[in-house]
Amino acid sequence: MSDHSRTIIHLDIDCFYAQVEMVKNPALKHQPLGIQQKTIVVTSNYVARQFGIKKCMPIPEAKKLCPDLVLVKGEDLYEYRQVSQQVTDLLSQYSQFVERLGLDENFVDISELVAKRMGDADYSNLEGFVYGDVNSFDCDCGCHERLVIGSVIAQQMRNSVLEKLQLTTCAGIAHNKILAKIVGSLHKPNKQTVIFPNSAPELMISLGNVGKIPWVGHATKELLLSIDITTVAELQNCSKSQLEKVFGKEKAENILNLSFGTDESLVKLKEKPQSYGLEDSGKPLVTEQQVKEKFKEFSKRLLKLLIEDGRVPKVIKVSLRRHNPALPMGDPKETRQCLFNVDLSNETQIVAMAMSLFWKAVDKKQPFKIGVLGLGFSKLVEKPSGKRTLFEFLHGNNADRATKSDKLQESSHSFQTNCQCPPGVDKGVFAELPLEVQQELWDDYKRKEDGLKDAKKAKKSGTLLNFVVRGKMQ
DNA sequence: AAGCCCCAG
DNA sequence: CATTCTGGGGCTT
């Protein structure tokens, strides 16, 4: 018998972008509402869905189905990202193990909280729907009691999200992630569903096509098709050796397990994002100036995100897709990235780095047509404490005038003794900078070098901590 | 470390 | 107007 010791909630915010817009403007609540990105409706509220509006539906088609459809632009995800983080923060009151999936979903491992409430009479009545036949339940490991308590906690969680953030949600409660995610989507919107372990194989079969299994995407589906497997039932009945014809040993076992609703993967510790990126697929860009303008806009928006995050990036990445009149499916993106060894100093410098990466991918002498352009930052490291970074200095973050001028004086005393152009900085750009700014760049570079070493140590001990706390390696 | 692919919403 | 704008992880070099 597999392990049922955990209790996991999957929480999914109903039609997320649309709900955020309805909170901002309650007049939209009773109108059909679609969120527009470029030429499509990416999501819609439930009023609009009654008209048959679907995810990623082209605007003209949506308007035909529902002439009164109200459209709100949602290409800048900034506000959605903020509300999403508020939800995750709220859930963190229930457990340190909260894992985000996109902006509108969270897994929460509430095993500890459940253990504390076991035996409390108040927590003995199941909340919400149950998938499968409760009477056929036959496991005596205590999972039934834990999941019932889990359903009560899920209801409290959803009440809390509704009260504090005015958002309705769906929840799935199960002993693992995949089952929690699947059952949560059975009753929508604003409902919750629990599944007991013995109903797992039946739930999985009810999905029908293997593509409905979470983590089985297009590529995996095609590989399964190549060995004549299209349904979950067929997958459950196939042998591991058959799967190993097209998958590696590990992946084969993993997929077979998933088909039975078996999933040992852990809910990861809540973490800040590992990267921030922006991209735009507007009209094709054909001149250097157009590309530069795009990068400038991205830089502004990314700087805002990074200031709020508080960490600084080590890597800058440019991504692009060449405009291709060819067929719809493929998304062959090219990326160029490099170490970004200094703190972000200003927009101009970021744009300059982005452009130099751009020219690594695109031949400067040839005409070009860029369909999608993106800019991102990753390898985010904590800022050294105490001293402000150049980044904050130039953006006036938490800086009073006296401190600023003190800092300049400090710098101007020492710049001649110890200052070079740090690796990763354009030598020409560096030479143009005021001497005290050059010094600041160099100091920041040295601090970052030290910070990186610390970060590596911290990562190792973090992993060890997980092992000690959870008894398993992530 | 860089670049691509696959997964998700 | 014709699948958007993200973010995480793995594999190969």
# chains A, B, ... in the order shown; residues from 1 in each chain; ligands from 1

$ interface_residues --of "chain C" --to "chain A" --cutoff "7 Å" --atoms "only C-alpha atoms (C1' of nucleotides)" --output "list in words"
DC1, DA2, DT3, DT4, DC5 and DG7 of chain C

$ write_last_selection --atoms "N, CA and C atoms (P, O5', C5', C4', C3', O3' and C1' of nucleotides)" --output "compact mmCIF listing (two decimals), in the first residue's frame"
# COMPACT_ATOMS: atom_id res chain seq x y z
P DC C 1 -9.09 40.11 -39.60
O5' DC C 1 -7.90 40.71 -38.69
C5' DC C 1 -6.53 40.62 -39.00
C4' DC C 1 -5.76 40.87 -37.72
C3' DC C 1 -5.67 39.66 -36.79
O3' DC C 1 -4.31 39.47 -36.46
C1' DC C 1 -6.52 41.55 -35.59
P DA C 2 -3.39 38.43 -37.14
O5' DA C 2 -3.73 37.10 -36.32
C5' DA C 2 -3.75 37.13 -34.90
C4' DA C 2 -4.34 35.83 -34.40
C3' DA C 2 -3.94 34.60 -35.20
O3' DA C 2 -4.02 33.51 -34.32
C1' DA C 2 -6.24 34.91 -35.40
P DT C 3 -2.75 32.59 -34.11
O5' DT C 3 -2.90 32.23 -32.57
C5' DT C 3 -3.62 33.10 -31.69
C4' DT C 3 -3.22 32.76 -30.25
C3' DT C 3 -1.72 32.62 -30.07
O3' DT C 3 -1.27 33.60 -29.14
C1' DT C 3 -2.89 30.68 -29.22
P DT C 4 -0.26 34.67 -29.48
O5' DT C 4 -0.34 35.70 -28.26
C5' DT C 4 -1.51 36.48 -28.03
C4' DT C 4 -1.33 37.08 -26.64
C3' DT C 4 0.14 37.32 -26.31
O3' DT C 4 0.24 38.57 -25.65
C1' DT C 4 -0.81 35.83 -24.73
P DC C 5 1.67 39.21 -25.42
O5' DC C 5 1.96 38.75 -23.93
C5' DC C 5 1.13 39.22 -22.86
C4' DC C 5 1.59 38.56 -21.58
C3' DC C 5 3.10 38.71 -21.31
O3' DC C 5 3.28 38.98 -19.91
C1' DC C 5 2.49 36.44 -21.27
P DG C 7 7.36 36.31 -14.74
O5' DG C 7 7.59 34.78 -14.39
C5' DG C 7 6.84 34.19 -13.34
C4' DG C 7 7.09 32.72 -13.38
C3' DG C 7 8.56 32.33 -13.22
O3' DG C 7 8.74 31.69 -11.97
C1' DG C 7 7.45 31.08 -14.91

$ closest_atom_pairs --of "chain A" --to "chain B" --cutoff "12 Å" --atoms "only C-alpha atoms (C1' of nucleotides)" --output "tab-separated table"
residue	atom	partner	partner_atom	distance
A:Asp12	CA	B:DG9	C1'	10.3
A:Ile13	CA	B:DG9	C1'	11.1
A:Asp14	CA	B:DG9	C1'	11.9
A:Cys15	CA	B:DG9	C1'	10.7
A:Phe16	CA	B:DG9	C1'	10.1
A:Tyr17	CA	B:DG9	C1'	11.3
A:Val42	CA	B:DG9	C1'	10.5
A:Thr43	CA	B:DG9	C1'	10.6
A:Lys55	CA	B:DG9	C1'	10.7
A:Cys56	CA	B:DG9	C1'	11.8
A:Arg100	CA	B:DA8	C1'	10.6
A:Leu101	CA	B:DA8	C1'	6.9
A:Gly102	CA	B:DG9	C1'	5.2
A:Leu103	CA	B:DG9	C1'	7.3
A:Asp104	CA	B:DG9	C1'	7.4
A:Glu105	CA	B:DG9	C1'	8.1
A:Asn106	CA	B:DG9	C1'	11.4
A:Gly211	CA	B:DC7	C1'	11.9
A:Ile213	CA	B:DC7	C1'	11.7
A:Pro214	CA	B:DA8	C1'	8.5
A:Trp215	CA	B:DC7	C1'	6.0
A:Val216	CA	B:DC7	C1'	7.7
A:Gly217	CA	B:DC7	C1'	6.6
A:His218	CA	B:DC6	C1'	8.6
A:Ala219	CA	B:DC6	C1'	7.2
A:Thr220	CA	B:DC6	C1'	8.6
A:Lys221	CA	B:DC6	C1'	11.5
A:Lys314	CA	B:DA1	C1'	11.7
A:Val315	CA	B:DA1	C1'	10.2
A:Ile316	CA	B:DA2	C1'	11.9
A:Lys317	CA	B:DA2	C1'	10.5
A:Val318	CA	B:DG3	C1'	11.6
A:Ser319	CA	B:DG3	C1'	10.7
A:Gly330	CA	B:DC5	C1'	11.9
A:Asp331	CA	B:DC5	C1'	10.7
A:Pro332	CA	B:DC4	C1'	9.1
A:Lys333	CA	B:DC4	C1'	8.6
A:Glu334	CA	B:DG3	C1'	7.8
A:Thr335	CA	B:DG3	C1'	6.6
A:Arg336	CA	B:DG3	C1'	7.4
A:Gln337	CA	B:DA2	C1'	7.0
A:Cys338	CA	B:DA2	C1'	8.0
A:Leu339	CA	B:DA1	C1'	8.6
A:Ala361	CA	B:DG3	C1'	11.3
A:Lys379	CA	B:DA1	C1'	11.6

$ select_by_dssp --residues "region 111-195 of chain A" --states "helix (DSSP H, G or I)" --output "ChimeraX atom specification"
/A:111-117,121-123,134-136,143-165,177-184

$ write_last_selection --atoms "N, CA and C atoms" --output "compact mmCIF listing (two decimals), in the first residue's frame"
# COMPACT_ATOMS: atom_id res chain seq x y z
N SER A 111 -0.12 18.95 6.29
CA SER A 111 0.02 17.77 7.15
C SER A 111 0.21 18.11 8.63
N GLU A 112 1.04 19.12 8.88
CA GLU A 112 1.32 19.47 10.29
C GLU A 112 0.08 19.99 10.99
N LEU A 113 -0.63 20.89 10.30
CA LEU A 113 -1.84 21.47 10.87
C LEU A 113 -2.89 20.40 11.12
N VAL A 114 -2.99 19.45 10.20
CA VAL A 114 -3.94 18.34 10.35
C VAL A 114 -3.60 17.52 11.58
N ALA A 115 -2.32 17.25 11.75
CA ALA A 115 -1.88 16.46 12.92
C ALA A 115 -2.31 17.14 14.22
N LYS A 116 -2.19 18.46 14.25
CA LYS A 116 -2.57 19.21 15.46
C LYS A 116 -4.07 19.10 15.74
N ARG A 117 -4.85 19.01 14.66
CA ARG A 117 -6.31 19.04 14.86
C ARG A 117 -6.94 17.65 14.94
N ALA A 121 -13.22 17.31 18.11
CA ALA A 121 -14.58 16.99 17.68
C ALA A 121 -15.10 17.99 16.65
N ASP A 122 -14.67 19.23 16.78
CA ASP A 122 -15.14 20.28 15.87
C ASP A 122 -14.78 20.00 14.42
N TYR A 123 -13.82 19.14 14.23
CA TYR A 123 -13.30 18.97 12.88
C TYR A 123 -13.66 17.62 12.28
N VAL A 134 -17.74 6.81 -0.97
CA VAL A 134 -17.18 6.87 0.39
C VAL A 134 -17.33 5.53 1.10
N ASN A 135 -18.41 4.82 0.79
CA ASN A 135 -18.69 3.58 1.52
C ASN A 135 -17.73 2.45 1.19
N SER A 136 -17.11 2.55 0.03
CA SER A 136 -16.18 1.49 -0.35
C SER A 136 -14.79 1.74 0.23
N CYS A 143 -5.87 8.02 6.96
CA CYS A 143 -5.96 9.02 5.89
C CYS A 143 -7.38 9.58 5.77
N HIS A 144 -8.37 8.74 6.04
CA HIS A 144 -9.75 9.21 5.93
C HIS A 144 -9.98 10.38 6.89
N GLU A 145 -9.60 10.19 8.14
CA GLU A 145 -9.75 11.24 9.15
C GLU A 145 -8.96 12.48 8.76
N ARG A 146 -7.74 12.26 8.31
CA ARG A 146 -6.90 13.41 7.94
C ARG A 146 -7.51 14.20 6.79
N LEU A 147 -8.05 13.49 5.82
CA LEU A 147 -8.61 14.19 4.65
C LEU A 147 -9.90 14.92 5.01
N VAL A 148 -10.67 14.35 5.95
CA VAL A 148 -11.87 15.06 6.41
C VAL A 148 -11.46 16.37 7.10
N ILE A 149 -10.47 16.29 7.94
CA ILE A 149 -9.96 17.51 8.57
C ILE A 149 -9.41 18.46 7.51
N GLY A 150 -8.75 17.88 6.52
CA GLY A 150 -8.24 18.69 5.40
C GLY A 150 -9.34 19.45 4.70
N SER A 151 -10.49 18.80 4.56
CA SER A 151 -11.61 19.47 3.88
C SER A 151 -12.11 20.64 4.71
N VAL A 152 -12.06 20.50 6.02
CA VAL A 152 -12.48 21.60 6.90
C VAL A 152 -11.49 22.76 6.80
N ILE A 153 -10.22 22.41 6.79
CA ILE A 153 -9.19 23.46 6.68
C ILE A 153 -9.30 24.16 5.32
N ALA A 154 -9.56 23.38 4.28
CA ALA A 154 -9.70 23.98 2.95
C ALA A 154 -10.85 24.98 2.93
N GLN A 155 -11.94 24.62 3.59
CA GLN A 155 -13.08 25.54 3.64
C GLN A 155 -12.71 26.83 4.38
N GLN A 156 -11.97 26.69 5.46
CA GLN A 156 -11.54 27.87 6.22
C GLN A 156 -10.61 28.74 5.39
N MET A 157 -9.71 28.07 4.68
CA MET A 157 -8.77 28.77 3.81
C MET A 157 -9.54 29.59 2.76
N ARG A 158 -10.51 28.96 2.15
CA ARG A 158 -11.27 29.63 1.09
C ARG A 158 -12.10 30.76 1.67
N ASN A 159 -12.66 30.55 2.87
CA ASN A 159 -13.38 31.65 3.52
C ASN A 159 -12.46 32.83 3.75
N SER A 160 -11.26 32.52 4.17
CA SER A 160 -10.30 33.57 4.48
C SER A 160 -9.91 34.35 3.22
N VAL A 161 -9.66 33.63 2.12
CA VAL A 161 -9.32 34.30 0.86
C VAL A 161 -10.48 35.18 0.41
N LEU A 162 -11.69 34.68 0.62
CA LEU A 162 -12.87 35.46 0.20
C LEU A 162 -13.04 36.72 1.06
N GLU A 163 -12.88 36.56 2.37
CA GLU A 163 -13.04 37.71 3.26
C GLU A 163 -11.95 38.75 3.05
N LYS A 164 -10.72 38.28 2.99
CA LYS A 164 -9.60 39.23 2.97
C LYS A 164 -9.33 39.79 1.57
N LEU A 165 -9.56 39.00 0.54
CA LEU A 165 -9.18 39.45 -0.80
C LEU A 165 -10.35 39.47 -1.78
N LYS A 177 -0.26 15.60 -4.60
CA LYS A 177 -0.47 16.80 -5.41
C LYS A 177 -1.35 16.55 -6.62
N ILE A 178 -1.07 15.48 -7.36
CA ILE A 178 -1.79 15.30 -8.62
C ILE A 178 -3.28 15.09 -8.37
N LEU A 179 -3.61 14.31 -7.34
CA LEU A 179 -5.02 14.06 -7.05
C LEU A 179 -5.71 15.33 -6.56
N ALA A 180 -5.01 16.10 -5.73
CA ALA A 180 -5.59 17.35 -5.23
C ALA A 180 -5.90 18.28 -6.40
N LYS A 181 -4.95 18.36 -7.35
CA LYS A 181 -5.14 19.24 -8.50
C LYS A 181 -6.31 18.78 -9.36
N ILE A 182 -6.40 17.50 -9.59
CA ILE A 182 -7.47 17.01 -10.47
C ILE A 182 -8.85 17.14 -9.82
N VAL A 183 -9.00 16.69 -8.59
CA VAL A 183 -10.35 16.74 -7.99
C VAL A 183 -10.83 18.17 -7.77
N GLY A 184 -9.87 19.07 -7.55
CA GLY A 184 -10.25 20.47 -7.32
C GLY A 184 -10.98 21.07 -8.51

$ atom_distance --atom1 "CA of Gln192 (chain A)" --atom2 "CA of Cys170 (chain A)"
5.3 Å

$ select_by_dssp --residues "region 85-135 of chain A" --states "strand (DSSP E or B)" --output "PyMOL selection string"
chain A and resi 98-101+105-109+129-131

$ atom_distance --atom1 "CA of Arg6 (chain A)" --atom2 "CA of Val87 (chain A)"
22.3 Å

$ atom_distance --atom1 "CA of Ala171 (chain A)" --atom2 "CA of Val130 (chain A)"
11.7 Å

$ residues_around --residues "Leu269 (chain A)" --least-positions-apart "2" --cutoff "9 Å" --atoms "only C-alpha atoms (C1' of nucleotides)" --output "PyMOL selection string"
chain A and resi 96-99+266-267+271+466

$ write_last_selection --atoms "C-alpha atoms" --output "compact mmCIF listing (two decimals), in the first residue's frame"
# COMPACT_ATOMS: atom_id res chain seq x y z
CA GLN A 96 5.43 26.94 5.26
CA PHE A 97 5.02 24.56 2.32
CA VAL A 98 3.20 26.56 -0.32
CA GLU A 99 4.06 26.02 -3.95
CA LEU A 266 6.70 17.21 -2.46
CA VAL A 267 5.06 20.58 -2.11
CA GLU A 271 10.06 30.88 -2.54
CA ASN A 466 14.75 20.29 4.19

$ residues_around --residues "Ile8 (chain A)" --least-positions-apart "4" --cutoff "6 Å" --atoms "only C-alpha atoms (C1' of nucleotides)" --output "list in words"
Val108, Asp109, Ile110, Ile173, Ala174, His175 and Asn176 of chain A

$ decode --residues "chain B" --atoms "all heavy atoms" --output "tab-separated table (two decimals), in the first residue's frame"
chain	number	residue	atom	x	y	z
B	1	DA	P	27.69	30.03	-13.18
B	1	DA	OP1	28.73	30.97	-12.77
B	1	DA	OP2	26.30	30.31	-12.78
B	1	DA	O5'	27.66	29.93	-14.77
B	1	DA	C5'	28.68	30.54	-15.54
B	1	DA	C4'	28.33	30.33	-16.99
B	1	DA	O4'	28.27	28.92	-17.28
B	1	DA	C3'	26.99	30.93	-17.39
B	1	DA	O3'	27.22	31.72	-18.54
B	1	DA	C2'	26.09	29.73	-17.68
B	1	DA	C1'	27.11	28.66	-18.06
B	1	DA	N9	26.71	27.29	-17.74
B	1	DA	C8	26.27	26.77	-16.54
B	1	DA	N7	26.01	25.48	-16.58
B	1	DA	C5	26.29	25.12	-17.89
B	1	DA	C6	26.23	23.91	-18.58
B	1	DA	N6	25.82	22.77	-18.00
B	1	DA	N1	26.59	23.89	-19.89
B	1	DA	C2	26.99	25.03	-20.45
B	1	DA	N3	27.11	26.24	-19.91
B	1	DA	C4	26.73	26.22	-18.61
B	2	DA	P	26.10	32.54	-19.24
B	2	DA	OP1	26.73	33.77	-19.75
B	2	DA	OP2	24.93	32.61	-18.34
B	2	DA	O5'	25.72	31.61	-20.47
B	2	DA	C5'	26.67	31.39	-21.48
B	2	DA	C4'	26.07	30.54	-22.57
B	2	DA	O4'	25.80	29.21	-22.07
B	2	DA	C3'	24.73	31.08	-23.12
B	2	DA	O3'	24.80	31.02	-24.52
B	2	DA	C2'	23.69	30.12	-22.54
B	2	DA	C1'	24.48	28.83	-22.40
B	2	DA	N9	24.04	27.93	-21.33
B	2	DA	C8	23.75	28.25	-20.03
B	2	DA	N7	23.40	27.21	-19.30
B	2	DA	C5	23.48	26.14	-20.18
B	2	DA	C6	23.24	24.76	-20.02
B	2	DA	N6	22.86	24.21	-18.87
B	2	DA	N1	23.42	23.97	-21.11
B	2	DA	C2	23.82	24.53	-22.26
B	2	DA	N3	24.07	25.81	-22.53
B	2	DA	C4	23.88	26.57	-21.42
B	3	DG	P	23.74	31.76	-25.41
B	3	DG	OP1	24.44	32.22	-26.62
B	3	DG	OP2	23.01	32.72	-24.57
B	3	DG	O5'	22.74	30.60	-25.83
B	3	DG	C5'	23.19	29.59	-26.70
B	3	DG	C4'	22.16	28.49	-26.74
B	3	DG	O4'	22.12	27.83	-25.45
B	3	DG	C3'	20.73	28.96	-27.02
B	3	DG	O3'	20.24	28.25	-28.14
B	3	DG	C2'	19.97	28.63	-25.74
B	3	DG	C1'	20.78	27.46	-25.21
B	3	DG	N9	20.59	27.19	-23.79
B	3	DG	C8	20.53	28.09	-22.76
B	3	DG	N7	20.34	27.53	-21.59
B	3	DG	C5	20.27	26.17	-21.87
B	3	DG	C6	20.07	25.07	-21.02
B	3	DG	O6	19.91	25.06	-19.79
B	3	DG	N1	20.08	23.86	-21.71
B	3	DG	C2	20.26	23.74	-23.07
B	3	DG	N2	20.24	22.51	-23.58
B	3	DG	N3	20.45	24.77	-23.89
B	3	DG	C4	20.44	25.94	-23.23
B	4	DC	P	18.85	28.63	-28.81
B	4	DC	OP1	19.12	28.89	-30.22
B	4	DC	OP2	18.17	29.65	-27.99
B	4	DC	O5'	18.00	27.29	-28.68
B	4	DC	C5'	18.60	26.05	-29.06
B	4	DC	C4'	17.89	24.93	-28.33
B	4	DC	O4'	18.20	25.03	-26.92
B	4	DC	C3'	16.37	24.98	-28.45
B	4	DC	O3'	15.89	23.86	-29.19
B	4	DC	C2'	15.86	24.93	-27.02
B	4	DC	C1'	17.08	24.52	-26.21
B	4	DC	N1	17.05	25.15	-24.87
B	4	DC	C2	16.97	24.33	-23.75
B	4	DC	O2	16.96	23.10	-23.91
B	4	DC	N3	16.90	24.89	-22.53
B	4	DC	C4	16.92	26.22	-22.40
B	4	DC	N4	16.86	26.72	-21.17
B	4	DC	C5	17.00	27.08	-23.53
B	4	DC	C6	17.05	26.51	-24.74
B	5	DC	P	14.32	23.80	-29.54
B	5	DC	OP1	14.22	23.14	-30.85
B	5	DC	OP2	13.69	25.11	-29.29
B	5	DC	O5'	13.75	22.81	-28.42
B	5	DC	C5'	14.39	21.56	-28.19
B	5	DC	C4'	13.73	20.89	-27.00
B	5	DC	O4'	14.12	21.58	-25.79
B	5	DC	C3'	12.19	20.94	-27.06
B	5	DC	O3'	11.68	19.62	-26.86
B	5	DC	C2'	11.79	21.85	-25.92
B	5	DC	C1'	12.98	21.76	-24.96
B	5	DC	N1	13.17	23.00	-24.16
B	5	DC	C2	13.19	22.90	-22.77
B	5	DC	O2	13.06	21.80	-22.25
B	5	DC	N3	13.34	24.03	-22.05
B	5	DC	C4	13.48	25.21	-22.65
B	5	DC	N4	13.62	26.29	-21.88
B	5	DC	C5	13.47	25.33	-24.07
B	5	DC	C6	13.31	24.21	-24.79
B	6	DC	P	10.13	19.37	-27.14
B	6	DC	OP1	10.04	18.04	-27.75
B	6	DC	OP2	9.52	20.54	-27.77
B	6	DC	O5'	9.54	19.30	-25.65
B	6	DC	C5'	9.99	18.30	-24.75
B	6	DC	C4'	9.37	18.56	-23.40
B	6	DC	O4'	9.98	19.73	-22.83
B	6	DC	C3'	7.86	18.86	-23.50
B	6	DC	O3'	7.14	17.95	-22.68
B	6	DC	C2'	7.71	20.27	-22.99
B	6	DC	C1'	8.98	20.48	-22.17
B	6	DC	N1	9.37	21.91	-22.13
B	6	DC	C2	9.53	22.54	-20.90
B	6	DC	O2	9.36	21.88	-19.87
B	6	DC	N3	9.85	23.84	-20.87
B	6	DC	C4	10.02	24.53	-22.01
B	6	DC	N4	10.34	25.82	-21.92
B	6	DC	C5	9.87	23.90	-23.27
B	6	DC	C6	9.55	22.60	-23.30
B	7	DC	P	5.56	17.92	-22.71
B	7	DC	OP1	5.16	16.53	-22.49
B	7	DC	OP2	5.10	18.67	-23.88
B	7	DC	O5'	5.18	18.79	-21.42
B	7	DC	C5'	5.39	18.25	-20.13
B	7	DC	C4'	5.18	19.31	-19.10
B	7	DC	O4'	6.16	20.34	-19.27
B	7	DC	C3'	3.85	20.07	-19.23
B	7	DC	O3'	2.81	19.38	-18.60
B	7	DC	C2'	4.17	21.35	-18.48
B	7	DC	C1'	5.65	21.53	-18.67
B	7	DC	N1	5.99	22.69	-19.53
B	7	DC	C2	6.23	23.91	-18.91
B	7	DC	O2	6.16	23.97	-17.69
B	7	DC	N3	6.53	24.98	-19.67
B	7	DC	C4	6.60	24.88	-20.99
B	7	DC	N4	6.91	25.97	-21.69
B	7	DC	C5	6.36	23.64	-21.66
B	7	DC	C6	6.05	22.57	-20.90
B	8	DA	P	1.31	19.89	-18.85
B	8	DA	OP1	0.45	18.86	-18.26
B	8	DA	OP2	1.20	20.25	-20.26
B	8	DA	O5'	1.18	21.24	-18.01
B	8	DA	C5'	1.24	21.17	-16.59
B	8	DA	C4'	1.27	22.56	-16.01
B	8	DA	O4'	2.44	23.26	-16.48
B	8	DA	C3'	0.11	23.45	-16.46
B	8	DA	O3'	-1.01	23.18	-15.64
B	8	DA	C2'	0.68	24.83	-16.21
B	8	DA	C1'	2.16	24.66	-16.52
B	8	DA	N9	2.55	25.15	-17.84
B	8	DA	C8	2.59	24.47	-19.02
B	8	DA	N7	3.00	25.19	-20.04
B	8	DA	C5	3.25	26.43	-19.48
B	8	DA	C6	3.72	27.65	-20.02
B	8	DA	N6	4.03	27.81	-21.31
B	8	DA	N1	3.84	28.70	-19.18
B	8	DA	C2	3.52	28.53	-17.90
B	8	DA	N3	3.09	27.44	-17.27
B	8	DA	C4	2.97	26.42	-18.13
B	9	DG	P	-2.45	23.57	-16.11
B	9	DG	OP1	-3.41	22.91	-15.22
B	9	DG	OP2	-2.52	23.40	-17.57
B	9	DG	O5'	-2.50	25.14	-15.82
B	9	DG	C5'	-2.32	25.61	-14.49
B	9	DG	C4'	-2.35	27.10	-14.52
B	9	DG	O4'	-1.30	27.58	-15.40
B	9	DG	C3'	-3.67	27.65	-15.07
B	9	DG	O3'	-4.08	28.76	-14.30
B	9	DG	C2'	-3.34	28.09	-16.48
B	9	DG	C1'	-1.86	28.47	-16.36
B	9	DG	N9	-1.15	28.31	-17.62
B	9	DG	C8	-1.03	27.21	-18.42
B	9	DG	N7	-0.33	27.42	-19.50
B	9	DG	C5	0.03	28.75	-19.40
B	9	DG	C6	0.79	29.57	-20.27
B	9	DG	O6	1.31	29.26	-21.34
B	9	DG	N1	0.91	30.87	-19.78
B	9	DG	C2	0.37	31.31	-18.60
B	9	DG	N2	0.58	32.58	-18.29
B	9	DG	N3	-0.33	30.56	-17.78
B	9	DG	C4	-0.47	29.30	-18.24
